[in-house]
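start19.cif follows (mmCIF, C-alpha atoms):
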data_coords
loop_
_atom_site.label_atom_id
_atom_site.label_comp_id
_atom_site.auth_asym_id
_atom_site.auth_seq_id
_atom_site.Cartn_x
_atom_site.Cartn_y
_atom_site.Cartn_z
CA MET N 1156 -0.99 -7.89 9.17
CA ALA N 1157 -3.56 -7.85 6.35
CA LEU N 1158 -2.37 -6.55 3.00
CA PRO N 1159 -3.86 -3.23 1.90
CA PRO N 1160 -6.63 -3.68 -0.70
CA PRO N 1161 -5.57 -3.25 -4.33
CA ASP N 1162 -6.48 -0.50 -6.73
CA PRO N 1163 -8.80 -1.30 -9.65
CA GLU N 1164 -7.15 -3.00 -12.63
CA PHE N 1165 -8.84 -0.31 -14.72
CA VAL N 1166 -11.83 2.04 -14.64
CA LEU N 1167 -14.41 2.44 -17.41
CA ARG N 1168 -15.68 5.99 -17.85
CA GLY N 1169 -18.11 7.36 -20.38
CA THR N 1170 -21.61 6.24 -19.40
CA SER N 1171 -22.44 9.86 -18.35
CA ALA N 1172 -25.00 8.39 -15.93
CA ALA N 1173 -25.33 6.17 -12.88
CA VAL N 1174 -24.60 2.51 -13.67
CA HIS N 1175 -27.33 0.13 -12.45
CA THR N 1176 -26.42 -3.26 -13.92
CA LEU N 1177 -23.41 -5.18 -15.28
CA HIS N 1178 -23.00 -8.47 -17.09
CA PHE N 1179 -19.81 -10.10 -18.46
CA SER N 1180 -19.45 -12.19 -21.59
CA CYS N 1181 -15.88 -13.50 -21.59
CA GLY N 1182 -16.26 -17.14 -22.56
CA SER N 1183 -15.80 -16.79 -26.33
CA GLN N 1184 -12.64 -17.76 -28.18
CA GLU N 1185 -10.01 -15.49 -29.76
CA PRO N 1186 -10.09 -13.25 -31.73
CA ASP N 1187 -13.34 -12.18 -30.01
CA ALA N 1188 -12.59 -9.74 -27.20
CA PRO N 1189 -14.14 -10.32 -23.78
CA LEU N 1190 -17.07 -7.97 -23.23
CA LEU N 1191 -18.81 -6.23 -20.35
CA PHE N 1192 -22.39 -5.00 -20.78
CA SER N 1193 -23.54 -2.08 -18.60
CA GLY N 1194 -26.99 -0.57 -18.21
CA SER N 1195 -27.34 3.00 -16.98
CA GLU N 1196 -29.83 5.54 -15.74
CA ASN N 1197 -29.94 7.41 -19.06
CA GLY N 1198 -31.45 4.36 -20.78
CA LEU N 1199 -28.31 3.28 -22.64
CA ILE N 1200 -26.64 -0.12 -22.67
CA HIS N 1201 -22.89 0.10 -23.30
CA VAL N 1202 -20.95 -2.83 -24.71
CA TRP N 1203 -17.39 -2.48 -23.36
CA ASN N 1204 -14.42 -4.15 -25.02
CA LEU N 1205 -12.24 -5.37 -22.14
CA LYS N 1206 -9.09 -5.38 -24.28
CA THR N 1207 -9.32 -1.74 -25.38
CA HIS N 1208 -11.32 -0.57 -22.31
CA ARG N 1209 -13.56 1.34 -24.71
CA VAL N 1210 -17.21 1.18 -25.75
CA ASP N 1211 -17.74 -0.96 -28.86
CA THR N 1212 -21.45 -0.17 -29.15
CA ALA N 1213 -24.13 1.82 -27.33
CA LEU N 1214 -27.66 0.38 -27.51
CA ASP N 1215 -30.68 2.62 -27.11
CA GLY N 1216 -33.94 0.72 -26.70
CA HIS N 1217 -35.58 1.95 -23.51
CA GLY N 1218 -36.71 5.48 -24.36
CA ARG N 1219 -33.99 7.02 -22.17
CA LYS N 1220 -35.49 5.37 -19.08
CA SER N 1221 -33.09 3.68 -16.66
CA VAL N 1222 -31.85 0.19 -17.57
CA TYR N 1223 -31.54 -1.98 -14.48
CA CYS N 1224 -31.02 -5.52 -15.80
CA VAL N 1225 -28.86 -6.88 -18.65
CA GLU N 1226 -28.26 -10.60 -19.34
CA THR N 1227 -26.87 -12.54 -22.29
CA MET N 1228 -28.83 -15.51 -23.61
CA GLY N 1229 -26.42 -18.28 -24.55
CA GLY N 1230 -23.66 -16.07 -25.98
CA LYS N 1231 -22.78 -12.44 -26.54
CA ASP N 1232 -24.97 -12.02 -29.65
CA ARG N 1233 -28.28 -12.39 -27.83
CA LEU N 1234 -29.10 -9.97 -25.07
CA LEU N 1235 -31.99 -9.30 -22.73
CA SER N 1236 -32.43 -5.89 -21.11
CA GLN N 1237 -35.00 -4.49 -18.71
CA GLY N 1238 -35.81 -0.81 -18.21
CA ARG N 1239 -37.98 1.62 -16.30
CA ASP N 1240 -40.02 2.06 -19.50
CA GLN N 1241 -41.68 -1.21 -18.37
CA ARG N 1242 -40.15 -3.11 -21.29
CA ILE N 1243 -37.96 -6.17 -21.41
CA CYS N 1244 -36.14 -6.13 -24.77
CA LEU N 1245 -34.51 -9.03 -26.61
CA TRP N 1246 -31.60 -7.93 -28.81
CA ASP N 1247 -29.84 -9.44 -31.81
CA LEU N 1248 -26.21 -8.29 -31.77
CA ALA N 1249 -24.77 -10.78 -34.29
CA GLU N 1250 -22.68 -9.44 -37.18
CA GLY N 1251 -22.74 -5.89 -35.86
CA ARG N 1252 -26.54 -5.65 -35.63
CA THR N 1253 -28.08 -3.58 -32.83
CA SER N 1254 -31.74 -4.41 -33.22
CA VAL N 1255 -34.50 -5.23 -30.74
CA THR N 1256 -36.09 -8.41 -32.12
CA ASP N 1257 -38.85 -8.74 -29.54
CA SER N 1258 -40.06 -7.22 -26.29
CA VAL N 1259 -42.26 -8.03 -23.32
CA PHE N 1260 -44.35 -5.29 -21.73
CA MET N 1261 -44.24 -5.43 -17.93
CA GLU N 1262 -47.32 -4.22 -16.16
CA ASN N 1263 -45.28 -3.67 -13.02
CA VAL N 1264 -43.68 -0.27 -12.36
CA GLY N 1265 -41.24 -1.38 -9.62
CA PHE N 1266 -37.53 -2.02 -10.06
CA CYS N 1267 -37.40 -5.78 -9.43
CA ARG N 1268 -34.85 -7.29 -11.84
CA CYS N 1269 -36.14 -10.22 -13.85
CA SER N 1270 -34.40 -13.60 -13.58
CA LEU N 1271 -33.43 -15.91 -16.47
CA LEU N 1272 -32.85 -19.66 -16.47
CA ARG N 1273 -31.84 -21.75 -19.48
CA VAL N 1274 -33.96 -24.93 -19.38
CA ALA N 1275 -33.06 -26.40 -22.80
CA PRO N 1276 -31.01 -25.33 -25.84
CA GLY N 1277 -32.67 -22.14 -27.08
CA ARG N 1278 -35.34 -22.23 -24.36
CA TRP N 1279 -35.44 -20.03 -21.27
CA LEU N 1280 -37.65 -19.28 -18.33
CA MET N 1281 -37.98 -15.67 -17.22
CA ALA N 1282 -39.46 -14.59 -13.88
CA MET N 1283 -40.62 -11.01 -13.43
CA ALA N 1284 -42.79 -8.94 -11.09
CA ALA N 1285 -46.40 -9.10 -12.30
CA LYS N 1286 -49.17 -6.49 -12.58
CA ALA N 1287 -50.76 -7.40 -9.24
CA LEU N 1288 -48.60 -5.97 -6.48
CA GLU N 1289 -47.46 -9.17 -4.75
CA GLU N 1290 -47.40 -11.52 -7.75
CA VAL N 1291 -44.58 -12.95 -9.87
CA GLN N 1292 -45.12 -14.05 -13.47
CA VAL N 1293 -43.02 -16.71 -15.18
CA LEU N 1294 -42.80 -16.79 -18.99
CA GLU N 1295 -41.04 -19.07 -21.42
CA LEU N 1296 -38.75 -17.40 -23.96
CA PRO N 1297 -38.56 -16.89 -26.89
CA SER N 1298 -42.24 -17.97 -27.21
CA LYS N 1299 -43.41 -15.58 -24.41
CA THR N 1300 -45.90 -18.24 -23.26
CA SER N 1301 -47.06 -17.87 -19.68
CA VAL N 1302 -45.84 -20.73 -17.46
CA CYS N 1303 -47.41 -19.66 -14.17
CA THR N 1304 -48.34 -16.75 -11.94
CA LEU N 1305 -47.16 -17.08 -8.35
CA LYS N 1306 -49.65 -15.59 -5.91
CA PRO N 1307 -49.04 -15.47 -2.16
CA GLU N 1308 -51.78 -16.87 0.04
CA VAL N 1309 -54.55 -14.47 1.06
CA GLY N 1310 -53.41 -12.36 4.00
CA ALA N 1311 -49.69 -13.18 3.55
CA LYS N 1312 -48.79 -9.44 3.37
CA LEU N 1313 -45.43 -10.02 1.67
CA GLY N 1314 -45.59 -6.76 -0.25
CA MET N 1315 -43.90 -6.40 -3.64
CA PRO N 1316 -41.29 -8.85 -4.92
CA MET N 1317 -37.93 -7.03 -4.77
CA CYS N 1318 -35.49 -9.62 -6.17
CA LEU N 1319 -35.82 -12.97 -7.97
CA LYS N 1320 -33.58 -15.98 -8.61
CA LEU N 1321 -34.66 -18.88 -10.82
CA TRP N 1322 -32.57 -22.04 -10.36
CA GLN N 1323 -32.55 -25.81 -10.75
CA LEU N 1324 -30.48 -28.46 -9.05
CA SER N 1325 -29.25 -29.88 -12.34
CA CYS N 1326 -30.10 -29.58 -16.02
CA GLY N 1327 -33.51 -31.17 -16.54
CA ALA N 1328 -34.46 -30.93 -12.85
CA GLN N 1329 -37.58 -29.02 -11.96
CA PRO N 1330 -37.05 -25.26 -11.86
CA LEU N 1331 -37.62 -23.39 -8.61
CA LEU N 1332 -37.77 -19.70 -7.75
CA LEU N 1333 -36.41 -17.82 -4.76
CA ALA N 1334 -38.05 -14.44 -4.26
CA GLY N 1335 -37.19 -11.67 -1.79
CA TYR N 1336 -40.09 -9.46 -0.74
CA GLU N 1337 -40.82 -6.01 0.60
CA ASP N 1338 -41.63 -7.35 4.10
CA GLY N 1339 -38.10 -8.83 4.43
CA SER N 1340 -38.99 -12.45 3.74
CA VAL N 1341 -37.52 -14.92 1.24
CA VAL N 1342 -39.92 -17.42 -0.32
CA LEU N 1343 -39.16 -20.63 -2.24
CA TRP N 1344 -41.69 -21.33 -5.02
CA ASN N 1345 -42.39 -24.52 -6.93
CA LEU N 1346 -43.24 -23.47 -10.51
CA SER N 1347 -44.99 -26.64 -11.65
CA MET N 1348 -47.34 -26.56 -8.65
CA GLY N 1349 -47.47 -22.76 -8.55
CA LYS N 1350 -47.20 -22.74 -4.79
CA ALA N 1351 -44.87 -21.59 -2.03
CA LEU N 1352 -42.85 -24.40 -0.45
CA SER N 1353 -41.20 -22.38 2.29
CA GLN N 1354 -41.09 -18.82 3.67
CA LEU N 1355 -38.37 -17.35 5.86
CA ASP N 1356 -38.22 -13.99 7.66
CA CYS N 1357 -34.69 -12.83 6.82
CA HIS N 1358 -34.79 -9.06 7.28
CA GLN N 1359 -36.70 -6.28 9.03
CA GLU N 1360 -36.59 -4.24 5.82
CA PRO N 1361 -37.22 -5.05 2.11
CA VAL N 1362 -34.83 -7.64 0.62
CA MET N 1363 -32.73 -5.64 -1.87
CA SER N 1364 -30.72 -8.52 -3.34
CA LEU N 1365 -30.13 -12.24 -2.97
CA ASP N 1366 -28.01 -14.98 -4.49
CA PHE N 1367 -28.12 -18.74 -4.09
CA ASP N 1368 -25.61 -21.59 -4.33
CA SER N 1369 -27.58 -24.67 -5.42
CA GLU N 1370 -24.61 -27.02 -4.83
CA LYS N 1371 -24.32 -26.10 -1.15
CA ALA N 1372 -28.10 -25.38 -0.88
CA LYS N 1373 -27.19 -22.10 0.77
CA GLY N 1374 -28.16 -18.51 -0.03
CA ILE N 1375 -27.47 -14.97 1.08
CA SER N 1376 -29.53 -11.79 1.11
CA GLY N 1377 -29.07 -8.11 1.93
CA SER N 1378 -31.36 -5.18 2.66
CA SER N 1379 -31.17 -1.57 3.78
CA GLU N 1380 -30.09 -2.75 7.25
CA LYS N 1381 -26.65 -3.47 8.68
CA VAL N 1382 -26.98 -7.23 8.28
CA LEU N 1383 -26.41 -9.97 5.72
CA SER N 1384 -28.65 -13.00 6.19
CA ILE N 1385 -27.29 -16.44 5.26
CA TRP N 1386 -29.88 -19.19 4.94
CA SER N 1387 -29.94 -22.83 3.92
CA LEU N 1388 -32.41 -25.02 2.09
CA HIS N 1389 -33.09 -28.52 3.40
CA GLU N 1390 -34.18 -31.21 0.96
CA GLN N 1391 -35.31 -28.55 -1.54
CA GLN N 1392 -38.28 -27.83 0.73
CA ASN N 1393 -37.47 -25.95 3.87
CA LEU N 1394 -35.61 -22.62 4.26
CA GLN N 1395 -33.79 -22.01 7.55
CA VAL N 1396 -31.61 -19.14 8.79
CA TYR N 1397 -28.04 -20.41 8.89
CA LYS N 1398 -26.42 -17.29 10.32
CA THR N 1399 -26.34 -13.51 10.09
CA HIS N 1400 -23.35 -11.26 9.53
CA LYS N 1401 -23.26 -7.74 10.96
CA LEU N 1402 -22.05 -5.00 8.61
CA VAL N 1403 -20.20 -1.81 9.49
CA ASN N 1404 -22.53 0.37 7.40
CA ALA N 1405 -26.16 -0.12 6.41
CA GLY N 1406 -27.45 -0.75 2.91
CA ILE N 1407 -26.70 -3.44 0.31
CA SER N 1408 -27.73 -2.83 -3.32
CA ASP N 1409 -26.45 -6.08 -4.82
CA ILE N 1410 -24.90 -9.42 -3.83
CA THR N 1411 -23.26 -11.94 -6.11
CA ILE N 1412 -21.48 -15.25 -5.46
CA ARG N 1413 -18.57 -15.96 -7.82
CA PRO N 1414 -19.33 -18.87 -10.20
CA ASP N 1415 -16.70 -21.10 -8.50
CA LYS N 1416 -18.52 -20.55 -5.16
CA LYS N 1417 -15.32 -19.50 -3.33
CA ILE N 1418 -16.02 -15.81 -2.68
CA LEU N 1419 -18.86 -13.30 -2.90
CA ALA N 1420 -19.09 -9.55 -3.39
CA THR N 1421 -21.54 -6.98 -2.05
CA ALA N 1422 -22.34 -3.52 -3.43
CA GLY N 1423 -22.78 -1.01 -0.61
CA TRP N 1424 -24.65 2.23 -0.10
CA ASP N 1425 -21.46 3.29 1.74
CA HIS N 1426 -19.63 3.49 -1.68
CA ARG N 1427 -17.67 0.29 -0.93
CA ILE N 1428 -17.42 -3.19 -2.41
CA ARG N 1429 -16.89 -5.93 0.17
CA ILE N 1430 -15.43 -9.36 -0.53
CA PHE N 1431 -16.20 -12.35 1.72
CA GLY N 1432 -15.26 -16.00 1.74
CA TRP N 1433 -18.43 -17.92 0.89
CA LYS N 1434 -17.66 -20.95 3.08
CA ASN N 1435 -17.65 -19.07 6.40
CA LEU N 1436 -18.37 -15.43 5.41
CA LYS N 1437 -14.91 -14.36 6.49
CA PRO N 1438 -14.36 -10.69 5.45
CA LEU N 1439 -11.49 -10.68 2.93
CA ALA N 1440 -11.31 -7.18 1.47
CA VAL N 1441 -12.97 -3.76 1.34
CA LEU N 1442 -12.56 -2.12 -2.06
CA ASP N 1443 -12.79 1.61 -1.60
CA TYR N 1444 -12.77 3.49 -4.89
CA HIS N 1445 -16.21 4.92 -5.65
CA THR N 1446 -17.51 8.27 -4.43
CA ALA N 1447 -21.22 7.33 -4.35
CA THR N 1448 -23.50 4.30 -3.85
CA VAL N 1449 -22.35 1.13 -5.59
CA HIS N 1450 -25.44 -0.21 -7.39
CA CYS N 1451 -24.19 -3.50 -8.84
CA VAL N 1452 -21.40 -6.09 -8.73
CA SER N 1453 -20.67 -8.84 -11.26
CA PHE N 1454 -18.02 -11.54 -11.67
CA SER N 1455 -16.63 -12.47 -15.09
CA ASP N 1456 -17.10 -15.87 -16.72
CA HIS N 1457 -13.51 -16.29 -17.98
CA LYS N 1458 -12.59 -19.93 -18.53
CA ASN N 1459 -9.12 -19.37 -17.09
CA PRO N 1460 -9.35 -18.58 -13.33
CA SER N 1461 -6.33 -16.26 -13.38
CA GLU N 1462 -8.15 -13.93 -15.82
CA ARG N 1463 -11.25 -13.59 -13.63
CA LEU N 1464 -12.48 -10.07 -12.97
CA LEU N 1465 -14.95 -8.33 -10.70
CA ALA N 1466 -16.80 -5.24 -11.93
CA ALA N 1467 -18.76 -2.72 -9.90
CA GLY N 1468 -21.07 0.01 -11.20
CA SER N 1469 -21.83 3.14 -9.22
CA LYS N 1470 -23.99 6.23 -8.99
CA ASP N 1471 -20.74 8.16 -9.65
CA HIS N 1472 -21.00 7.15 -13.38
CA ARG N 1473 -17.92 4.90 -13.17
CA ILE N 1474 -17.34 1.17 -13.51
CA SER N 1475 -14.38 -0.18 -11.54
CA VAL N 1476 -12.86 -3.48 -12.68
CA TRP N 1477 -10.79 -5.54 -10.24
CA SER N 1478 -8.55 -8.59 -10.39
CA ILE N 1479 -8.86 -10.09 -6.93
CA TYR N 1480 -8.52 -13.54 -5.33
CA THR N 1481 -7.98 -15.09 -8.74
CA GLN N 1482 -5.76 -17.85 -7.33
CA THR N 1483 -8.20 -19.11 -4.67
#

Show this structure as structure tokens.
Amino acid sequence: MALPPPDPEFVLRGTSAAVHTLHFSCGSQEPDAPLLFSGSENGLIHVWNLKTHRVDTALDGHGRKSVYCVETMGGKDRLLSQGRDQRICLWDLAEGRTSVTDSVFMENVGFCRCSLLRVAPGRWLMAMAAKALEEVQVLELPSKTSVCTLKPEVGAKLGMPMCLKLWQLSCGAQPLLLAGYEDGSVVLWNLSMGKALSQLDCHQEPVMSLDFDSEKAKGISGSSEKVLSIWSLHEQQNLQVYKTHKLVNAGISDITIRPDKKILATAGWDHRIRIFGWKNLKPLAVLDYHTATVHCVSFSDHKNPSERLLAAGSKDHRISVWSIYTQT
């Protein structure tokens, strides 16, 4: 018989608002404490100390408009955040500072999270939804130079981009973008050519979240339906549906594959976090703690596998932190 699912290791309370995004920074050496960044509906970013389980700092840079993406840029002292105030902010958090050093104004009013990719030391690409409804813009950071604008072919009717994932096969390889759209399709874009290489109809409804494993050339996406779509990429050119997995309840807000590519987690509208084996999508656990929609899931980047954590942020204002399948 299957073991009952565990309780959270601990729960972080104090955001006083729905939690929309989470990002760990646990790779630094002692005496630095591992951190968890959370972005919430009230426009605040909280920096949680995972040793004390308390907030070290609260950052206020989005005019009290919901923050729905937070990422570190090469260490815990440089942060990128994206909010419903149509701004992407770059933060300097070194030596106790809490200042916005630069920002990018987004002409798009949707809630598509931007995607970051480190292409060289100190150089990043950032993909974000553009002003024109169906377009995606790619910038280089920190220079903010435009790299390309990705426009679907006339009459494609993809609708708005809903989720983005920049990736490259190896450091120095050419960067590619996977984008999930409002019409349920996933498109692979070549940035240097500025054109779509492959398009796949994955869902009947808008793609809410996707993640991709470049080593196995396999990705996964979720929508408001009762189905996860697993797809593969052949020779970096051609997307194909690999299989679909039926869910008990409809609605996936977020999907993330653990960095070691062994398991993945989904954030459900049904208040639950689900864990699957990534190799065969075997259901491993249902984590039932939250009392409202789970908006986001994130795995920690601890160097030691036994310390690895999973965090989930919910509409119920709480962040649950789990220690699960750390030995696999």

Check your understanding: Restricting the calculation to all atoms listed in the file, which member of N:Ser1236, N:Ser1469, N:Ser1461, N:Ser1270 is positioned closest to N:His1445?
Key ->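 Nearest candidate to N:His1445 out of N:Ser1236, N:Ser1469, N:Ser1461, N:Ser1270: N:Ser1469.
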
**Study point:** Distance query N:Ser1369 at most 8 Å, all atoms listed in the file, self and fewer than 5 positions along chain excluded, as a ChimeraX atom specification
**Key:** /N:1322-1324

Spatial neighbours of N:Gly1265, max dist 9 Å, all atoms listed in the file, sep filter under 4 positions, as a PDB file with C-alpha atoms, in the coordinates of the input:
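See around02.pdb below for the written result:
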ATOM      1  CA  ARG N1239     -37.980   1.620 -16.300  1.00  0.00           C
ATOM      2  CA  GLN N1241     -41.680  -1.210 -18.370  1.00  0.00           C
ATOM      3  CA  ALA N1284     -42.790  -8.940 -11.090  1.00  0.00           C
ATOM      4  CA  MET N1315     -43.900  -6.400  -3.640  1.00  0.00           C
ATOM      5  CA  PRO N1316     -41.290  -8.850  -4.920  1.00  0.00           C
ATOM      6  CA  MET N1317     -37.930  -7.030  -4.770  1.00  0.00           C
TER       7      MET N1317
END

Check your understanding: Written as number ranges by chain, which residues does the PyMOL selection byres ((chain N and resi 1171) around 10) give for the file shown?
Key -> N: 1168-1170, 1172-1174, 1195-1197, 1199, 1471-1473

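The two atoms in question, atom CA of N:Gly1432 and atom CA of N:Thr1399, are spaced 14.1 Å apart.
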
**Study point:** Of the listed residues N:Leu1190, N:Leu1280, N:Val1293, N:Ile1410, that which approaches N:Ile1385 most closely, counting only C-alpha atoms
**Key:** N:Ile1410

Check your understanding: Near N:Lys1398, counting only C-alpha atoms, which residues have an atom at most 10 Å away, once you skip same-chain residues fewer than 2 positions from it, shown as a list in words?
Key ->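 Everything that qualifies: Ile1375, Leu1383, Ser1384, Ile1385, Trp1386, Ser1387, Gln1395, Val1396, His1400, Asn1435 and Leu1436 of chain N.
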
Apply the PyMOL selection byres ((chain N and resi 1222) around 12) to the displayed file and report the matching residues as a tab-separated table (two decimals) with C-alpha atoms, in the coordinates of the input.
chain	number	residue	atom	x	y	z
N	1172	ALA	CA	-25.00	8.39	-15.93
N	1173	ALA	CA	-25.33	6.17	-12.88
N	1174	VAL	CA	-24.60	2.51	-13.67
N	1175	HIS	CA	-27.33	0.13	-12.45
N	1176	THR	CA	-26.42	-3.26	-13.92
N	1177	LEU	CA	-23.41	-5.18	-15.28
N	1192	PHE	CA	-22.39	-5.00	-20.78
N	1193	SER	CA	-23.54	-2.08	-18.60
N	1194	GLY	CA	-26.99	-0.57	-18.21
N	1195	SER	CA	-27.34	3.00	-16.98
N	1196	GLU	CA	-29.83	5.54	-15.74
N	1197	ASN	CA	-29.94	7.41	-19.06
N	1198	GLY	CA	-31.45	4.36	-20.78
N	1199	LEU	CA	-28.31	3.28	-22.64
N	1200	ILE	CA	-26.64	-0.12	-22.67
N	1201	HIS	CA	-22.89	0.10	-23.30
N	1214	LEU	CA	-27.66	0.38	-27.51
N	1215	ASP	CA	-30.68	2.62	-27.11
N	1216	GLY	CA	-33.94	0.72	-26.70
N	1217	HIS	CA	-35.58	1.95	-23.51
N	1218	GLY	CA	-36.71	5.48	-24.36
N	1219	ARG	CA	-33.99	7.02	-22.17
N	1220	LYS	CA	-35.49	5.37	-19.08
N	1221	SER	CA	-33.09	3.68	-16.66
N	1223	TYR	CA	-31.54	-1.98	-14.48
N	1224	CYS	CA	-31.02	-5.52	-15.80
N	1225	VAL	CA	-28.86	-6.88	-18.65
N	1226	GLU	CA	-28.26	-10.60	-19.34
N	1235	LEU	CA	-31.99	-9.30	-22.73
N	1236	SER	CA	-32.43	-5.89	-21.11
N	1237	GLN	CA	-35.00	-4.49	-18.71
N	1238	GLY	CA	-35.81	-0.81	-18.21
N	1239	ARG	CA	-37.98	1.62	-16.30
N	1240	ASP	CA	-40.02	2.06	-19.50
N	1241	GLN	CA	-41.68	-1.21	-18.37
N	1242	ARG	CA	-40.15	-3.11	-21.29
N	1243	ILE	CA	-37.96	-6.17	-21.41
N	1244	CYS	CA	-36.14	-6.13	-24.77
N	1266	PHE	CA	-37.53	-2.02	-10.06
N	1267	CYS	CA	-37.40	-5.78	-9.43
N	1268	ARG	CA	-34.85	-7.29	-11.84
N	1269	CYS	CA	-36.14	-10.22	-13.85

Please rebuild stretch 1434-1440 of chain N with all heavy atoms and return the result as a PDB file, keeping the file's coordinate frame.
ATOM      1  N   LYS N1434     -17.540 -19.800   2.170  1.00  0.00           N
ATOM      2  CA  LYS N1434     -17.660 -20.950   3.080  1.00  0.00           C
ATOM      3  C   LYS N1434     -18.064 -20.508   4.492  1.00  0.00           C
ATOM      4  O   LYS N1434     -18.968 -21.066   5.098  1.00  0.00           O
ATOM      5  CB  LYS N1434     -16.331 -21.702   3.118  1.00  0.00           C
ATOM      6  CG  LYS N1434     -16.417 -23.057   3.785  1.00  0.00           C
ATOM      7  CD  LYS N1434     -15.095 -23.797   3.672  1.00  0.00           C
ATOM      8  CE  LYS N1434     -15.138 -25.109   4.428  1.00  0.00           C
ATOM      9  NZ  LYS N1434     -13.833 -25.788   4.357  1.00  0.00           N
ATOM     10  N   ASN N1435     -17.399 -19.465   5.005  1.00  0.00           N
ATOM     11  CA  ASN N1435     -17.650 -19.070   6.400  1.00  0.00           C
ATOM     12  C   ASN N1435     -17.950 -17.577   6.567  1.00  0.00           C
ATOM     13  O   ASN N1435     -18.011 -17.065   7.674  1.00  0.00           O
ATOM     14  CB  ASN N1435     -16.428 -19.432   7.258  1.00  0.00           C
ATOM     15  CG  ASN N1435     -15.140 -18.915   6.629  1.00  0.00           C
ATOM     16  OD1 ASN N1435     -15.195 -18.060   5.742  1.00  0.00           O
ATOM     17  ND2 ASN N1435     -14.007 -19.420   7.062  1.00  0.00           N
ATOM     18  N   LEU N1436     -18.117 -16.878   5.432  1.00  0.00           N
ATOM     19  CA  LEU N1436     -18.370 -15.430   5.410  1.00  0.00           C
ATOM     20  C   LEU N1436     -17.278 -14.610   6.081  1.00  0.00           C
ATOM     21  O   LEU N1436     -17.532 -13.570   6.674  1.00  0.00           O
ATOM     22  CB  LEU N1436     -19.746 -15.094   5.989  1.00  0.00           C
ATOM     23  CG  LEU N1436     -20.469 -14.088   5.073  1.00  0.00           C
ATOM     24  CD1 LEU N1436     -20.939 -14.736   3.793  1.00  0.00           C
ATOM     25  CD2 LEU N1436     -21.601 -13.404   5.766  1.00  0.00           C
ATOM     26  N   LYS N1437     -16.058 -15.099   5.961  1.00  0.00           N
ATOM     27  CA  LYS N1437     -14.910 -14.360   6.490  1.00  0.00           C
ATOM     28  C   LYS N1437     -14.679 -13.109   5.625  1.00  0.00           C
ATOM     29  O   LYS N1437     -14.558 -13.206   4.397  1.00  0.00           O
ATOM     30  CB  LYS N1437     -13.676 -15.254   6.437  1.00  0.00           C
ATOM     31  CG  LYS N1437     -12.419 -14.595   6.980  1.00  0.00           C
ATOM     32  CD  LYS N1437     -11.222 -15.518   6.796  1.00  0.00           C
ATOM     33  CE  LYS N1437      -9.946 -14.805   7.208  1.00  0.00           C
ATOM     34  NZ  LYS N1437      -8.749 -15.592   6.865  1.00  0.00           N
ATOM     35  N   PRO N1438     -14.631 -11.896   6.236  1.00  0.00           N
ATOM     36  CA  PRO N1438     -14.360 -10.690   5.450  1.00  0.00           C
ATOM     37  C   PRO N1438     -12.935 -10.734   4.889  1.00  0.00           C
ATOM     38  O   PRO N1438     -11.980 -10.931   5.636  1.00  0.00           O
ATOM     39  CB  PRO N1438     -14.505  -9.549   6.468  1.00  0.00           C
ATOM     40  CG  PRO N1438     -15.257 -10.134   7.614  1.00  0.00           C
ATOM     41  CD  PRO N1438     -14.883 -11.582   7.659  1.00  0.00           C
ATOM     42  N   LEU N1439     -12.790 -10.572   3.578  1.00  0.00           N
ATOM     43  CA  LEU N1439     -11.490 -10.680   2.930  1.00  0.00           C
ATOM     44  C   LEU N1439     -10.934  -9.340   2.466  1.00  0.00           C
ATOM     45  O   LEU N1439      -9.739  -9.117   2.513  1.00  0.00           O
ATOM     46  CB  LEU N1439     -11.571 -11.638   1.732  1.00  0.00           C
ATOM     47  CG  LEU N1439     -11.970 -13.089   2.030  1.00  0.00           C
ATOM     48  CD1 LEU N1439     -12.120 -13.867   0.730  1.00  0.00           C
ATOM     49  CD2 LEU N1439     -10.941 -13.759   2.937  1.00  0.00           C
ATOM     50  N   ALA N1440     -11.810  -8.453   1.992  1.00  0.00           N
ATOM     51  CA  ALA N1440     -11.310  -7.180   1.470  1.00  0.00           C
ATOM     52  C   ALA N1440     -12.440  -6.151   1.418  1.00  0.00           C
ATOM     53  O   ALA N1440     -13.610  -6.499   1.246  1.00  0.00           O
ATOM     54  CB  ALA N1440     -10.726  -7.354   0.066  1.00  0.00           C
TER      55      ALA N1440
END
